[in-house]
>>> print(open('target_22.cif').read())   # mmCIF, C-alpha atoms
data_query
#
loop_
_atom_site.label_atom_id
_atom_site.label_comp_id
_atom_site.auth_asym_id
_atom_site.auth_seq_id
_atom_site.Cartn_x
_atom_site.Cartn_y
_atom_site.Cartn_z
CA MET E 273 95.83 65.05 89.97
CA PHE E 274 99.58 64.84 90.57
CA GLU E 275 99.21 61.23 91.78
CA PHE E 276 97.18 60.39 88.65
CA LEU E 277 99.89 61.81 86.38
CA LEU E 278 102.57 59.93 88.29
CA ASP E 279 100.68 56.68 87.76
CA ILE E 280 100.60 57.32 84.01
CA ILE E 281 104.28 58.20 83.79
CA PHE E 282 105.47 55.63 86.32
CA PRO E 283 102.85 52.87 86.80
CA LYS E 284 102.55 51.22 90.21
CA LYS E 285 103.63 47.87 88.79
CA LEU E 286 106.97 49.40 87.84
CA LEU E 287 107.21 51.06 91.24
CA VAL E 288 106.78 47.69 92.95
CA GLN E 289 109.45 46.15 90.73
CA GLU E 290 111.78 48.98 91.65
CA LEU E 291 111.04 48.50 95.35
CA GLU E 292 111.88 44.82 95.08
CA ARG E 293 115.24 45.65 93.50
CA MET E 294 116.21 48.28 96.06
CA ASP E 295 118.43 47.74 99.04
CA ALA E 296 117.60 49.37 102.36
CA SER E 297 120.12 52.19 102.03
CA GLU E 298 118.70 53.30 98.68
CA PHE E 299 115.14 53.16 99.99
CA ALA E 300 116.07 55.12 103.10
CA SER E 301 117.84 57.78 101.03
CA ARG E 302 114.87 58.26 98.68
CA ALA E 303 111.96 57.97 101.09
CA THR E 304 110.82 60.84 103.30
CA ARG E 305 111.80 60.14 106.87
CA GLY E 306 109.36 60.08 109.75
CA ALA E 307 109.75 60.92 113.42
CA SER E 308 112.33 58.47 114.77
CA ASN E 309 114.94 61.02 115.68
CA PHE E 310 117.09 60.27 118.70
CA GLY E 311 119.13 63.46 118.71
CA GLY E 312 117.87 64.27 122.19
CA ALA E 313 115.44 61.72 123.54
CA ASN E 314 114.64 62.00 127.21
CA ASP E 315 112.08 60.47 129.49
CA SER E 316 109.19 62.68 130.50
CA ALA E 317 107.09 62.32 133.63
CA LYS E 318 104.47 60.37 131.68
CA GLY E 319 106.98 58.05 130.07
CA GLY E 320 106.93 59.66 126.66
CA LEU E 321 109.81 60.46 124.34
CA GLU E 322 110.57 64.08 123.58
CA ARG E 323 112.00 64.20 120.05
CA THR E 324 114.14 67.01 118.76
CA GLY E 325 115.51 68.04 115.38
CA ARG E 326 114.02 68.27 111.89
CA ASN E 327 111.59 65.35 112.37
CA ALA E 328 110.19 66.46 115.70
CA SER E 329 106.77 67.46 114.33
CA ALA E 330 106.32 64.52 111.97
CA ASN E 331 104.00 62.73 114.39
CA SER E 332 102.11 65.86 115.40
CA GLY E 333 98.83 64.39 114.16
CA LEU E 334 99.02 61.71 116.82
CA GLY E 335 98.50 64.13 119.71
CA ARG E 336 99.78 62.89 123.06
CA ALA E 337 100.25 59.42 121.63
CA GLY E 338 103.00 60.80 119.39
CA LYS E 339 105.39 60.79 122.34
CA GLU E 340 105.24 57.00 122.58
CA ILE E 341 105.01 56.25 118.86
CA LEU E 342 108.11 56.51 116.70
CA SER E 343 107.92 56.19 112.93
CA CYS E 344 110.62 55.58 110.33
CA PHE E 345 108.95 57.13 107.28
CA ASP E 346 106.33 59.66 106.24
CA TYR E 347 103.28 57.87 104.82
CA ARG E 348 102.56 60.79 102.49
CA ASP E 349 105.62 59.80 100.46
CA ARG E 350 104.47 57.84 97.38
CA LEU E 351 107.31 55.33 97.63
CA VAL E 352 106.58 54.69 101.31
CA ARG E 353 102.85 54.35 100.67
CA GLN E 354 103.40 51.74 97.97
CA ALA E 355 105.86 49.83 100.15
CA VAL E 356 103.37 49.74 103.02
CA PHE E 357 100.63 48.54 100.65
CA GLU E 358 102.87 45.69 99.45
CA LEU E 359 103.60 44.71 103.04
CA LYS E 360 100.09 45.09 104.43
CA TYR E 361 97.92 43.64 101.70
CA ARG E 362 100.22 41.41 99.67
CA GLY E 363 102.66 40.14 102.27
CA ASN E 364 105.52 41.01 99.91
CA LYS E 365 108.54 39.48 101.67
CA LYS E 366 111.13 41.43 99.68
CA VAL E 367 109.51 44.70 100.62
CA ALA E 368 109.02 43.50 104.19
CA ARG E 369 112.78 42.92 104.47
CA LEU E 370 113.46 46.33 102.98
CA LEU E 371 111.30 48.02 105.62
CA ALA E 372 112.44 45.80 108.48
CA THR E 373 116.09 46.65 107.81
CA THR E 374 115.51 50.35 108.41
CA LEU E 375 113.23 49.57 111.33
CA TYR E 376 115.97 47.46 112.91
CA ASP E 377 118.52 50.27 112.56
CA GLU E 378 116.08 52.65 114.26
CA LEU E 379 115.44 50.18 117.07
CA LEU E 380 119.16 49.83 117.75
CA ALA E 381 119.59 53.62 117.75
CA PHE E 382 116.71 53.88 120.20
CA LEU E 383 118.19 51.29 122.55
CA GLU E 384 121.65 52.82 122.39
CA GLU E 385 120.46 56.25 123.47
CA TYR E 386 117.24 55.68 125.39
CA ALA E 387 117.81 52.40 127.25
CA PRO E 388 120.74 53.53 129.44
CA LEU E 389 118.75 56.57 130.63
CA THR E 390 115.60 54.69 131.58
CA ASN E 391 116.65 51.10 132.28
CA PHE E 392 114.76 50.01 129.17
CA THR E 393 116.46 46.62 129.09
CA GLU E 394 115.61 43.17 127.69
CA PRO E 395 112.59 44.41 125.73
CA LEU E 396 109.91 42.15 124.34
CA LEU E 397 109.01 42.69 120.68
CA VAL E 398 105.23 42.47 120.37
CA PRO E 399 103.59 42.63 116.92
CA ILE E 400 100.18 44.30 116.82
CA PRO E 401 97.81 41.34 116.40
CA LEU E 402 94.98 40.96 113.94
CA SER E 403 91.69 39.39 114.93
CA LYS E 404 91.38 35.72 114.01
CA THR E 405 88.82 36.64 111.35
CA ARG E 406 91.03 39.28 109.72
CA GLU E 407 94.17 37.15 109.79
CA SER E 408 92.27 34.22 108.31
CA GLU E 409 90.97 36.43 105.48
CA ARG E 410 94.36 37.98 104.76
CA GLY E 411 96.41 34.83 105.30
CA PHE E 412 99.14 36.59 107.28
CA ASN E 413 99.84 39.31 109.81
CA GLN E 414 102.06 41.99 108.27
CA CYS E 415 103.41 43.01 111.68
CA LYS E 416 104.45 39.42 112.38
CA LEU E 417 106.28 39.40 109.02
CA LEU E 418 108.26 42.44 110.15
CA VAL E 419 108.99 41.00 113.58
CA ASP E 420 110.18 37.68 112.14
CA ILE E 421 112.76 39.54 110.05
CA LEU E 422 113.76 41.78 112.96
CA LEU E 423 114.41 38.73 115.14
CA GLU E 424 116.38 37.06 112.37
CA MET E 425 118.58 40.17 112.06
CA ASP E 426 118.98 40.47 115.81
CA GLY E 427 119.93 36.86 116.51
CA GLY E 428 118.70 37.09 120.09
CA ARG E 429 121.13 39.86 121.07
CA ASN E 430 118.60 42.55 122.01
CA PHE E 431 115.01 41.37 121.65
CA THR E 432 112.69 38.52 122.54
CA LEU E 433 109.49 37.74 120.65
CA SER E 434 106.25 37.77 122.60
CA PHE E 435 102.66 37.10 121.58
CA ALA E 436 101.42 38.45 124.91
CA LEU E 437 98.89 40.67 123.16
CA THR E 438 95.90 39.23 121.33
CA LYS E 439 92.95 40.85 119.61
CA CYS E 440 89.79 39.40 121.05
CA LYS E 441 87.26 41.02 118.74
CA ASP E 442 87.10 42.02 115.11
CA THR E 443 86.78 45.80 114.95
CA GLY E 444 86.52 46.08 111.18
CA SER E 445 88.61 48.43 109.10
CA GLN E 446 89.83 51.52 110.94
CA THR E 447 90.15 53.33 107.61
CA LYS E 448 86.36 53.65 107.55
CA MET E 449 86.42 55.76 110.74
CA ASP E 450 86.79 59.43 109.82
CA THR E 451 87.89 60.78 113.22
CA ARG E 452 90.39 59.76 115.86
CA LYS E 453 87.62 59.76 118.50
CA LYS E 454 85.60 57.23 116.49
CA ARG E 455 88.66 55.03 116.03
CA LEU E 456 89.41 55.07 119.76
CA GLU E 457 85.80 54.20 120.60
CA ASN E 458 85.78 51.39 118.04
CA LEU E 459 88.92 49.83 119.55
CA LYS E 460 87.96 49.96 123.23
CA GLY E 461 88.44 46.57 124.85
CA CYS E 462 89.59 44.87 121.65
CA PHE E 463 92.95 43.67 123.06
CA VAL E 464 93.81 41.24 125.82
CA ALA E 465 97.27 40.96 127.40
CA ASP E 466 98.92 38.03 129.17
CA GLY E 467 99.75 39.55 132.55
CA LYS E 468 102.25 36.86 133.49
CA ALA E 469 104.21 37.42 130.30
CA VAL E 470 104.36 41.22 130.48
CA GLU E 471 104.51 42.03 134.19
CA GLY E 472 107.49 44.28 134.88
CA ARG E 473 108.72 44.02 131.29
CA ASN E 474 109.75 46.66 128.79
CA ILE E 475 107.83 46.29 125.55
CA ILE E 476 108.28 47.51 121.98
CA LEU E 477 105.11 47.32 119.91
CA ILE E 478 105.58 46.88 116.16
CA ASP E 479 102.98 48.13 113.67
CA ASP E 480 102.99 49.06 110.00
CA VAL E 481 101.31 52.48 110.04
CA ALA E 482 100.17 54.91 112.71
CA THR E 483 97.43 57.12 111.28
CA THR E 484 95.77 58.58 114.36
CA GLY E 485 97.62 56.25 116.72
CA ALA E 486 94.34 54.82 118.04
CA THR E 487 95.33 51.16 117.67
CA LEU E 488 98.65 51.68 119.40
CA VAL E 489 97.10 53.78 122.17
CA GLU E 490 94.64 50.98 122.98
CA ALA E 491 97.34 48.30 122.76
CA ARG E 492 99.65 50.29 125.00
CA LYS E 493 96.93 50.89 127.60
CA THR E 494 96.11 47.19 127.65
CA LEU E 495 99.74 46.19 128.23
CA LEU E 496 100.32 48.79 130.94
CA ARG E 497 97.17 47.74 132.77
CA ALA E 498 98.43 44.16 132.65
CA GLY E 499 101.61 45.22 134.45
CA ALA E 500 104.11 46.11 131.73
CA ARG E 501 106.82 48.48 132.96
CA LYS E 502 107.11 50.67 129.86
CA VAL E 503 105.65 50.42 126.36
CA ILE E 504 107.02 52.19 123.28
CA ALA E 505 105.71 51.67 119.73
CA PHE E 506 107.63 51.66 116.46
CA THR E 507 105.93 51.86 113.09
CA VAL E 508 107.14 51.80 109.53
CA ALA E 509 105.27 55.00 108.73
CA HIS E 510 103.00 57.76 109.94
#
>>> encode(input="target_22.cif", output="structure tokens")
Amino acid sequence: MFEFLLDIIFPKKLLVQELERMDASEFASRATRGASNFGGANDSAKGGLERTGRNASANSGLGRAGKEILSCFDYRDRLVRQAVFELKYRGNKKVARLLATTLYDELLAFLEEYAPLTNFTEPLLVPIPLSKTRESERGFNQCKLLVDILLEMDGGRNFTLSFALTKCKDTGSQTKMDTRKKRLENLKGCFVADGKAVEGRNIILIDDVATTGATLVEARKTLLRAGARKVIAFTVAH
């Protein structure tokens, strides 16, 4: 009901226009933050990140996967949700840059604190791939849009792009799966990794949203089985 009233008072079209006018600092100050908090990250025995501080429980719905998935914003925030929609379904480049700017700041904060402790050096940036069918239908991969902007900002100082992960089968929309177990089952075996490209490498997966974390869990497993040293995922929202 509250969302309905908001749409009457402040229609989504106006919200999109406002998003396109915002700079990253304004968006970050207005949007509810997620779980990328590096106030005390340390490496656990299983390679996960232990987060501390006010955002520590923001990824609690991801279960164990939450330790390897770090998110910039809370998807329940109306502004964040609209921004993700613009990125994911419309390929809005202005909004993509808005989100990528905050994502880049979080990545640098992560590297500054986490990398020296764990030798997480020279990471590959790997966008979560779409199946050929889905990318053809949509006309773009929203994660690739984010990564392109991240690499432009970085100028080759910290990251290298890699398409070492591909999606070999179309799994349909995960939003139609009502439980995490169903999502995990649906995604089994859907990714293939290039072992030569990832062997011994540190990898940062980039995705738009982690709902249950099922997609990122499967992608991470695939990369680790192919020989990757360590795999951490960053998302715009959870």
>>> resolve_selection(input="target_22.cif", expression="the PyMOL selection byres ((chain E and resi 472) around 7)", output="ChimeraX atom specification")
/E:470-471,473-474,499-501
>>> resolve_selection(input="target_22.cif", expression="the PyMOL selection byres ((chain E and resi 487) around 10)", output="list of chain:residue names")
E:Ile400, E:Gln446, E:Arg455, E:Leu456, E:Asn458, E:Leu459, E:Lys460, E:Cys462, E:Phe463, E:Asp479, E:Val481, E:Ala482, E:Thr483, E:Thr484, E:Gly485, E:Ala486, E:Leu488, E:Val489, E:Glu490, E:Ala491, E:Arg492
>>> resolve_selection(input="target_22.cif", expression="the PyMOL selection byres ((chain E and resi 436) around 7)", output="NGL selection string")
:E and (434-435 or 437-438 or 465-466 or 469-470)
>>> closest_residue(input="target_22.cif", among="E:Cys440, E:Val398, E:Leu287, E:Met294", to="Val503 in chain E", atoms="only C-alpha atoms")
E:Val398
>>> atom_distance(input="target_22.cif", atom1="CA of Ala372 in chain E", atom2="CA of Glu394 in chain E")
19.6 Å
